[in-house]
>>> print(open('my_file13.cif').read())   # mmCIF, N, CA and C atoms
data_target
#
loop_
_atom_site.label_atom_id
_atom_site.label_comp_id
_atom_site.auth_asym_id
_atom_site.auth_seq_id
_atom_site.Cartn_x
_atom_site.Cartn_y
_atom_site.Cartn_z
N MET F 144 7.50 -5.62 -1.93
CA MET F 144 7.87 -6.43 -0.80
C MET F 144 6.60 -7.06 -0.27
N GLY F 145 6.68 -8.28 0.13
CA GLY F 145 5.50 -8.95 0.64
C GLY F 145 5.71 -10.45 0.75
N PRO F 146 4.65 -11.14 0.98
CA PRO F 146 3.29 -10.63 1.04
C PRO F 146 3.02 -9.87 2.35
N MET F 147 2.21 -8.85 2.23
CA MET F 147 1.85 -8.04 3.37
C MET F 147 0.75 -8.68 4.21
N PHE F 148 -0.19 -9.32 3.53
CA PHE F 148 -1.34 -9.94 4.18
C PHE F 148 -1.55 -11.32 3.55
N PRO F 149 -2.36 -12.18 4.16
CA PRO F 149 -2.63 -13.49 3.54
C PRO F 149 -3.16 -13.32 2.12
N THR F 150 -2.68 -14.17 1.22
CA THR F 150 -3.06 -14.08 -0.19
C THR F 150 -2.96 -15.45 -0.84
N THR F 151 -3.71 -15.63 -1.89
CA THR F 151 -3.64 -16.89 -2.64
C THR F 151 -2.63 -16.81 -3.78
N THR F 152 -2.09 -15.63 -4.06
CA THR F 152 -1.16 -15.50 -5.19
C THR F 152 0.31 -15.57 -4.78
N LYS F 153 0.61 -15.51 -3.52
CA LYS F 153 1.99 -15.61 -3.03
C LYS F 153 2.07 -16.77 -2.06
N HIS F 154 2.91 -17.74 -2.35
CA HIS F 154 3.02 -18.92 -1.50
C HIS F 154 4.33 -18.86 -0.71
N LYS F 155 4.30 -18.06 0.35
CA LYS F 155 5.46 -17.93 1.23
C LYS F 155 5.02 -18.35 2.63
N PRO F 156 5.92 -18.97 3.39
CA PRO F 156 5.53 -19.46 4.71
C PRO F 156 5.28 -18.35 5.74
N ALA F 157 5.81 -17.17 5.51
CA ALA F 157 5.64 -16.07 6.47
C ALA F 157 5.22 -14.81 5.75
N LEU F 158 4.49 -13.97 6.47
CA LEU F 158 4.08 -12.67 5.94
C LEU F 158 5.12 -11.63 6.30
N ALA F 159 5.34 -10.68 5.40
CA ALA F 159 6.19 -9.53 5.72
C ALA F 159 5.40 -8.64 6.68
N GLY F 160 4.23 -8.18 6.25
CA GLY F 160 3.34 -7.40 7.10
C GLY F 160 3.75 -5.96 7.27
N PRO F 161 2.79 -5.14 7.73
CA PRO F 161 3.04 -3.71 7.93
C PRO F 161 4.18 -3.42 8.91
N ALA F 162 4.36 -4.25 9.94
CA ALA F 162 5.44 -4.00 10.91
C ALA F 162 6.81 -4.15 10.25
N TYR F 163 6.95 -5.15 9.38
CA TYR F 163 8.22 -5.33 8.65
C TYR F 163 8.48 -4.13 7.75
N LEU F 164 7.44 -3.69 7.05
CA LEU F 164 7.57 -2.53 6.17
C LEU F 164 8.00 -1.30 6.95
N SER F 165 7.38 -1.08 8.10
CA SER F 165 7.73 0.07 8.93
C SER F 165 9.19 -0.01 9.39
N ALA F 166 9.63 -1.19 9.80
CA ALA F 166 11.02 -1.35 10.23
C ALA F 166 11.98 -1.12 9.06
N TYR F 167 11.63 -1.63 7.90
CA TYR F 167 12.45 -1.46 6.70
C TYR F 167 12.61 0.03 6.37
N LEU F 168 11.52 0.77 6.46
CA LEU F 168 11.55 2.19 6.12
C LEU F 168 12.15 3.04 7.23
N SER F 169 12.27 2.50 8.43
CA SER F 169 12.91 3.22 9.53
C SER F 169 14.42 3.09 9.49
N ASN F 170 14.91 2.13 8.72
CA ASN F 170 16.35 1.90 8.59
C ASN F 170 16.92 2.95 7.64
N GLU F 171 17.91 3.68 8.10
CA GLU F 171 18.50 4.74 7.28
C GLU F 171 19.02 4.23 5.94
N ALA F 172 19.51 3.00 5.91
CA ALA F 172 20.07 2.43 4.68
C ALA F 172 19.01 2.09 3.64
N THR F 173 17.77 1.87 4.07
CA THR F 173 16.72 1.45 3.13
C THR F 173 15.56 2.44 3.04
N ALA F 174 15.56 3.46 3.85
CA ALA F 174 14.41 4.36 3.93
C ALA F 174 14.03 5.01 2.60
N ARG F 175 15.00 5.26 1.74
CA ARG F 175 14.72 5.94 0.47
C ARG F 175 14.71 5.00 -0.73
N VAL F 176 14.80 3.71 -0.48
CA VAL F 176 14.79 2.73 -1.57
C VAL F 176 13.37 2.62 -2.11
N PRO F 177 13.18 2.74 -3.42
CA PRO F 177 11.83 2.59 -3.99
C PRO F 177 11.27 1.21 -3.65
N HIS F 178 9.98 1.15 -3.39
CA HIS F 178 9.35 -0.11 -3.03
C HIS F 178 7.87 -0.10 -3.40
N LEU F 179 7.33 -1.28 -3.52
CA LEU F 179 5.89 -1.50 -3.64
C LEU F 179 5.53 -2.62 -2.68
N ALA F 180 4.43 -2.48 -2.00
CA ALA F 180 3.93 -3.56 -1.16
C ALA F 180 2.99 -4.42 -2.00
N ILE F 181 3.01 -5.72 -1.77
CA ILE F 181 2.18 -6.64 -2.53
C ILE F 181 1.71 -7.77 -1.61
N GLY F 182 0.59 -8.34 -1.96
CA GLY F 182 0.11 -9.52 -1.25
C GLY F 182 -1.07 -9.26 -0.34
N GLY F 183 -2.25 -9.64 -0.79
CA GLY F 183 -3.45 -9.56 0.03
C GLY F 183 -3.96 -8.16 0.28
N ILE F 184 -3.57 -7.22 -0.54
CA ILE F 184 -3.94 -5.81 -0.32
C ILE F 184 -5.35 -5.56 -0.83
N THR F 185 -6.14 -4.91 0.01
CA THR F 185 -7.54 -4.58 -0.29
C THR F 185 -7.81 -3.13 0.11
N PRO F 186 -8.96 -2.59 -0.30
CA PRO F 186 -9.30 -1.24 0.15
C PRO F 186 -9.39 -1.15 1.68
N GLU F 187 -9.74 -2.27 2.31
CA GLU F 187 -9.91 -2.27 3.77
C GLU F 187 -8.59 -2.26 4.53
N ASN F 188 -7.51 -2.79 3.95
CA ASN F 188 -6.26 -2.87 4.72
C ASN F 188 -5.12 -2.00 4.19
N VAL F 189 -5.31 -1.35 3.05
CA VAL F 189 -4.23 -0.56 2.47
C VAL F 189 -3.83 0.61 3.37
N GLY F 190 -4.75 1.12 4.16
CA GLY F 190 -4.43 2.21 5.09
C GLY F 190 -3.37 1.82 6.11
N GLU F 191 -3.34 0.55 6.51
CA GLU F 191 -2.31 0.07 7.44
C GLU F 191 -0.92 0.22 6.82
N LEU F 192 -0.84 -0.03 5.52
CA LEU F 192 0.44 0.08 4.83
C LEU F 192 0.87 1.54 4.69
N VAL F 193 -0.08 2.40 4.39
CA VAL F 193 0.22 3.83 4.28
C VAL F 193 0.70 4.35 5.64
N ALA F 194 0.03 3.93 6.71
CA ALA F 194 0.44 4.36 8.04
C ALA F 194 1.85 3.88 8.37
N ALA F 195 2.26 2.75 7.79
CA ALA F 195 3.61 2.22 8.01
C ALA F 195 4.65 2.92 7.13
N GLY F 196 4.19 3.76 6.19
CA GLY F 196 5.11 4.50 5.33
C GLY F 196 5.14 4.06 3.89
N CYS F 197 4.28 3.13 3.52
CA CYS F 197 4.26 2.60 2.16
C CYS F 197 3.99 3.71 1.15
N ARG F 198 4.73 3.67 0.03
CA ARG F 198 4.57 4.69 -1.01
C ARG F 198 3.83 4.18 -2.23
N GLY F 199 3.59 2.86 -2.31
CA GLY F 199 2.88 2.31 -3.46
C GLY F 199 2.54 0.85 -3.24
N VAL F 200 1.53 0.40 -3.96
CA VAL F 200 1.10 -0.99 -3.83
C VAL F 200 0.93 -1.63 -5.20
N ALA F 201 1.06 -2.93 -5.24
CA ALA F 201 0.74 -3.74 -6.41
C ALA F 201 -0.40 -4.65 -5.98
N VAL F 202 -1.49 -4.62 -6.72
CA VAL F 202 -2.69 -5.36 -6.33
C VAL F 202 -3.09 -6.30 -7.45
N SER F 203 -3.48 -7.51 -7.09
CA SER F 203 -3.89 -8.49 -8.09
C SER F 203 -5.29 -9.01 -7.79
N SER F 204 -5.40 -9.90 -6.82
CA SER F 204 -6.65 -10.60 -6.56
C SER F 204 -7.82 -9.68 -6.22
N ALA F 205 -7.56 -8.64 -5.44
CA ALA F 205 -8.65 -7.74 -5.04
C ALA F 205 -9.29 -7.09 -6.25
N VAL F 206 -8.50 -6.82 -7.29
CA VAL F 206 -9.02 -6.19 -8.51
C VAL F 206 -9.52 -7.24 -9.49
N CYS F 207 -8.67 -8.21 -9.79
CA CYS F 207 -9.02 -9.21 -10.81
C CYS F 207 -10.20 -10.09 -10.41
N GLY F 208 -10.40 -10.30 -9.12
CA GLY F 208 -11.49 -11.13 -8.65
C GLY F 208 -12.76 -10.36 -8.32
N ALA F 209 -12.76 -9.07 -8.55
CA ALA F 209 -13.90 -8.23 -8.18
C ALA F 209 -14.96 -8.20 -9.27
N ASP F 210 -16.21 -8.06 -8.85
CA ASP F 210 -17.31 -7.87 -9.80
C ASP F 210 -17.16 -6.54 -10.52
N ASN F 211 -16.64 -5.54 -9.81
CA ASN F 211 -16.45 -4.21 -10.38
C ASN F 211 -15.00 -3.77 -10.13
N PRO F 212 -14.06 -4.22 -10.97
CA PRO F 212 -12.65 -3.88 -10.76
C PRO F 212 -12.38 -2.38 -10.68
N GLY F 213 -13.09 -1.59 -11.47
CA GLY F 213 -12.89 -0.14 -11.44
C GLY F 213 -13.21 0.45 -10.08
N ALA F 214 -14.29 -0.03 -9.47
CA ALA F 214 -14.67 0.46 -8.15
C ALA F 214 -13.61 0.09 -7.11
N VAL F 215 -13.05 -1.10 -7.22
CA VAL F 215 -12.01 -1.52 -6.28
C VAL F 215 -10.76 -0.65 -6.47
N CYS F 216 -10.39 -0.39 -7.71
CA CYS F 216 -9.23 0.48 -7.98
C CYS F 216 -9.45 1.87 -7.40
N ARG F 217 -10.64 2.41 -7.58
CA ARG F 217 -10.94 3.74 -7.03
C ARG F 217 -10.90 3.72 -5.51
N ALA F 218 -11.42 2.65 -4.90
CA ALA F 218 -11.42 2.55 -3.44
C ALA F 218 -9.99 2.45 -2.90
N ILE F 219 -9.14 1.70 -3.58
CA ILE F 219 -7.75 1.58 -3.14
C ILE F 219 -7.03 2.91 -3.31
N LEU F 220 -7.22 3.57 -4.43
CA LEU F 220 -6.60 4.88 -4.65
C LEU F 220 -7.08 5.88 -3.60
N ASN F 221 -8.37 5.88 -3.31
CA ASN F 221 -8.92 6.77 -2.30
C ASN F 221 -8.29 6.47 -0.93
N ALA F 222 -8.20 5.19 -0.59
CA ALA F 222 -7.60 4.82 0.70
C ALA F 222 -6.13 5.23 0.76
N LEU F 223 -5.41 5.08 -0.35
CA LEU F 223 -4.00 5.48 -0.39
C LEU F 223 -3.83 6.97 -0.17
N THR F 224 -4.71 7.76 -0.74
CA THR F 224 -4.55 9.21 -0.66
C THR F 224 -5.18 9.80 0.60
N GLN F 225 -6.10 9.08 1.24
CA GLN F 225 -6.77 9.62 2.41
C GLN F 225 -6.12 9.19 3.72
N ALA F 226 -5.42 8.06 3.72
CA ALA F 226 -4.83 7.56 4.96
C ALA F 226 -3.73 8.49 5.44
N PRO F 227 -3.68 8.74 6.75
CA PRO F 227 -2.61 9.59 7.27
C PRO F 227 -1.25 8.92 7.07
N ASN F 228 -0.27 9.68 6.62
CA ASN F 228 1.08 9.15 6.41
C ASN F 228 2.08 10.24 6.71
N GLN F 229 2.62 10.20 7.91
CA GLN F 229 3.62 11.19 8.28
C GLN F 229 4.92 10.99 7.53
N HIS F 230 5.07 9.84 6.84
CA HIS F 230 6.29 9.54 6.09
C HIS F 230 6.26 10.10 4.67
N ARG F 231 5.08 10.51 4.19
CA ARG F 231 4.93 10.91 2.79
C ARG F 231 5.76 12.15 2.50
N SER F 232 6.41 12.16 1.36
CA SER F 232 7.23 13.30 0.96
C SER F 232 6.34 14.48 0.61
N PRO F 233 6.88 15.71 0.57
CA PRO F 233 6.07 16.86 0.16
C PRO F 233 5.42 16.65 -1.20
N ALA F 234 6.14 16.06 -2.16
CA ALA F 234 5.55 15.80 -3.48
C ALA F 234 4.40 14.82 -3.37
N GLY F 235 4.55 13.80 -2.53
CA GLY F 235 3.47 12.83 -2.33
C GLY F 235 2.25 13.46 -1.68
N ARG F 236 2.48 14.38 -0.74
CA ARG F 236 1.34 15.06 -0.11
C ARG F 236 0.60 15.92 -1.13
N LEU F 237 1.33 16.59 -2.02
CA LEU F 237 0.68 17.39 -3.06
C LEU F 237 -0.12 16.50 -4.00
N ALA F 238 0.43 15.36 -4.40
CA ALA F 238 -0.28 14.44 -5.28
C ALA F 238 -1.53 13.91 -4.61
N ALA F 239 -1.45 13.62 -3.32
CA ALA F 239 -2.61 13.13 -2.59
C ALA F 239 -3.71 14.18 -2.55
N ARG F 240 -3.33 15.44 -2.33
CA ARG F 240 -4.35 16.51 -2.31
C ARG F 240 -5.00 16.65 -3.68
N GLY F 241 -4.21 16.54 -4.74
CA GLY F 241 -4.76 16.63 -6.10
C GLY F 241 -5.70 15.49 -6.39
N ALA F 242 -5.36 14.27 -5.99
CA ALA F 242 -6.22 13.11 -6.22
C ALA F 242 -7.50 13.23 -5.42
N ALA F 243 -7.41 13.78 -4.21
CA ALA F 243 -8.59 13.93 -3.38
C ALA F 243 -9.58 14.93 -3.98
N ARG F 244 -9.06 15.92 -4.70
CA ARG F 244 -9.94 16.91 -5.32
C ARG F 244 -10.64 16.36 -6.55
N GLY F 245 -10.08 15.29 -7.14
CA GLY F 245 -10.71 14.66 -8.30
C GLY F 245 -10.30 15.30 -9.52
#
>>> encode(input="my_file13.cif", output="structure tokens")
Amino acid sequence: MGPMFPTTTKHKPALAGPAYLSAYLSNEATARVPHLAIGGITPENVGELVAAGCRGVAVSSAVCGADNPGAVCRAILNALTQAPNQHRSPAGRLAARGAARG
């Protein structure tokens, strides 16, 4: 779902944004629907999505346009697993702890 943030790869007149994601996941009818957030996602802003309840992201420009794509991927993964998320399932919390241990 997206775009979450301004991006050059999605040409939509409006952003979905973290608030839309949070509202979507607060709705009983959609709360358990699998989703990925996309659009303008970077290591610096992915925590906002996790705080909104996001369970996964699809990233393009931040990785493909980076001098060191591996470092960007690691930074995004680290941000995904370190950001507080009261919405994360028990399985997701266990996976986050495992990723944090390396």
>>> residues_around(input="my_file13.cif", residues="F:Val215", least_positions_apart="3", cutoff="8 Å", atoms="all atoms listed in the file", output="CSV table (one decimal) with N, CA and C atoms, in the coordinates of the input")
chain,number,residue,atom,x,y,z
F,185,THR,N,-6.1,-4.9,0.0
F,185,THR,CA,-7.5,-4.6,-0.3
F,185,THR,C,-7.8,-3.1,0.1
F,186,PRO,N,-9.0,-2.6,-0.3
F,186,PRO,CA,-9.3,-1.2,0.2
F,186,PRO,C,-9.4,-1.2,1.7
F,205,ALA,N,-7.6,-8.6,-5.4
F,205,ALA,CA,-8.6,-7.7,-5.0
F,205,ALA,C,-9.3,-7.1,-6.2
F,206,VAL,N,-8.5,-6.8,-7.3
F,206,VAL,CA,-9.0,-6.2,-8.5
F,206,VAL,C,-9.5,-7.2,-9.5
F,209,ALA,N,-12.8,-9.1,-8.6
F,209,ALA,CA,-13.9,-8.2,-8.2
F,209,ALA,C,-15.0,-8.2,-9.3
F,210,ASP,N,-16.2,-8.1,-8.8
F,210,ASP,CA,-17.3,-7.9,-9.8
F,210,ASP,C,-17.2,-6.5,-10.5
F,211,ASN,N,-16.6,-5.5,-9.8
F,211,ASN,CA,-16.4,-4.2,-10.4
F,211,ASN,C,-15.0,-3.8,-10.1
F,212,PRO,N,-14.1,-4.2,-11.0
F,212,PRO,CA,-12.6,-3.9,-10.8
F,212,PRO,C,-12.4,-2.4,-10.7
F,218,ALA,N,-11.4,2.6,-4.9
F,218,ALA,CA,-11.4,2.6,-3.4
F,218,ALA,C,-10.0,2.4,-2.9
F,219,ILE,N,-9.1,1.7,-3.6
F,219,ILE,CA,-7.8,1.6,-3.1
F,219,ILE,C,-7.0,2.9,-3.3
F,220,LEU,N,-7.2,3.6,-4.4
F,220,LEU,CA,-6.6,4.9,-4.6
F,220,LEU,C,-7.1,5.9,-3.6
F,221,ASN,N,-8.4,5.9,-3.3
F,221,ASN,CA,-8.9,6.8,-2.3
F,221,ASN,C,-8.3,6.5,-0.9
>>> resolve_selection(input="my_file13.cif", expression="the PyMOL selection byres (((chain F and resi 164-179 and name CA) around 12) and name CA)", output="ChimeraX atom specification")
/F:144-148,158-163,180-182,184,189,191-202,228-232
>>> select_by_dssp(input="my_file13.cif", residues="chain F", states="strand (DSSP E or B)", output="count of residues only")
4
>>> atom_distance(input="my_file13.cif", atom1="atom CA of F:Gly183", atom2="atom CA of F:Ala157")
12.9 Å
>>> atom_distance(input="my_file13.cif", atom1="atom CA of F:Thr151", atom2="atom CA of F:Ser203")
10.0 Å
>>> atom_distance(input="my_file13.cif", atom1="atom C of F:Asn188", atom2="atom C of F:Thr150")
14.5 Å
>>> select_by_dssp(input="my_file13.cif", residues="chain F", states="alpha helix (DSSP H)", output="NGL selection string")
:F and (160-169 or 189-194 or 204-207 or 212-225 or 233-244)
>>> decode(input="my_file13.cif", residues="stretch 148-243 of chain F", atoms="C-alpha atoms", output="compact mmCIF listing (two decimals), in the first residue's frame")
# COMPACT_ATOMS: atom_id res chain seq x y z
CA PHE F 148 6.23 9.00 1.50
CA PRO F 149 7.19 11.17 -1.49
CA THR F 150 8.87 9.06 -4.17
CA THR F 151 9.95 9.26 -7.78
CA THR F 152 8.77 5.71 -8.58
CA LYS F 153 5.06 6.15 -7.76
CA HIS F 154 3.13 8.88 -9.56
CA LYS F 155 0.01 9.31 -7.45
CA PRO F 156 -1.52 12.67 -6.54
CA ALA F 157 -1.84 11.81 -2.83
CA LEU F 158 0.24 9.93 -0.29
CA ALA F 159 -1.23 7.10 1.76
CA GLY F 160 1.17 7.80 4.64
CA PRO F 161 1.61 6.25 8.07
CA ALA F 162 -1.72 7.66 9.34
CA TYR F 163 -3.63 5.87 6.56
CA LEU F 164 -1.77 2.64 7.33
CA SER F 165 -2.60 2.95 11.03
CA ALA F 166 -6.29 3.54 10.26
CA TYR F 167 -6.33 0.59 7.85
CA LEU F 168 -4.82 -1.71 10.46
CA SER F 169 -7.19 -0.43 13.17
CA ASN F 170 -10.18 -1.54 11.11
CA GLU F 171 -11.32 -4.98 12.25
CA ALA F 172 -12.12 -5.97 8.65
CA THR F 173 -8.59 -5.25 7.39
CA ALA F 174 -6.38 -5.62 10.46
CA ARG F 175 -5.20 -9.13 9.55
CA VAL F 176 -4.94 -8.64 5.79
CA PRO F 177 -1.34 -9.18 4.60
CA HIS F 178 0.26 -5.96 3.40
CA LEU F 179 3.50 -4.29 2.39
CA ALA F 180 4.13 -0.57 2.55
CA ILE F 181 5.85 0.97 -0.47
CA GLY F 182 6.92 4.38 -1.66
CA GLY F 183 9.73 6.61 -0.45
CA ILE F 184 10.79 4.25 2.33
CA THR F 185 14.26 4.83 3.79
CA PRO F 186 16.15 3.75 6.91
CA GLU F 187 15.26 7.14 8.39
CA ASN F 188 11.46 6.86 8.01
CA VAL F 189 10.71 3.13 8.18
CA GLY F 190 10.29 3.36 11.97
CA GLU F 191 7.20 5.54 11.45
CA LEU F 192 5.63 2.70 9.50
CA VAL F 193 6.50 0.11 12.13
CA ALA F 194 5.00 2.36 14.81
CA ALA F 195 1.81 2.49 12.69
CA GLY F 196 1.70 -1.34 12.65
CA CYS F 197 3.40 -2.10 9.34
CA ARG F 198 4.54 -5.73 9.01
CA GLY F 199 6.69 -5.39 5.88
CA VAL F 200 8.04 -2.99 3.31
CA ALA F 201 8.97 -3.01 -0.36
CA VAL F 202 11.89 -0.71 -1.12
CA SER F 203 13.24 0.39 -4.49
CA SER F 204 14.96 3.76 -4.85
CA ALA F 205 16.61 3.81 -1.43
CA VAL F 206 18.42 0.56 -2.26
CA CYS F 207 18.88 0.77 -6.03
CA GLY F 208 20.12 4.37 -5.90
CA ALA F 209 22.54 3.81 -3.01
CA ASP F 210 26.32 3.68 -3.27
CA ASN F 211 26.21 0.74 -0.88
CA PRO F 212 22.89 -1.11 -1.35
CA GLY F 213 23.83 -3.78 1.20
CA ALA F 214 24.35 -1.18 3.91
CA VAL F 215 20.96 0.37 3.14
CA CYS F 216 19.27 -3.05 3.31
CA ARG F 217 20.92 -3.75 6.66
CA ALA F 218 19.90 -0.32 7.98
CA ILE F 219 16.28 -0.85 6.92
CA LEU F 220 16.19 -4.34 8.43
CA ASN F 221 17.71 -2.99 11.64
CA ALA F 222 15.16 -0.18 11.76
CA LEU F 223 12.32 -2.65 11.14
CA THR F 224 13.40 -4.91 13.97
CA GLN F 225 14.37 -2.19 16.45
CA ALA F 226 11.40 0.16 16.14
CA PRO F 227 8.76 -0.26 18.83
CA ASN F 228 5.62 -1.94 17.48
CA GLN F 229 2.85 -2.79 19.88
CA HIS F 230 0.98 -4.30 16.90
CA ARG F 231 3.61 -6.96 16.14
CA SER F 232 2.47 -10.55 16.59
CA PRO F 233 4.28 -12.85 19.05
CA ALA F 234 5.95 -14.59 16.08
CA GLY F 235 7.08 -11.22 14.73
CA ARG F 236 8.51 -10.23 18.11
CA LEU F 237 10.50 -13.48 18.22
CA ALA F 238 11.82 -12.91 14.68
CA ALA F 239 12.82 -9.37 15.61
CA ARG F 240 14.75 -10.60 18.65
CA GLY F 241 16.53 -13.19 16.50
CA ALA F 242 17.47 -10.60 13.86
CA ALA F 243 18.72 -8.23 16.55
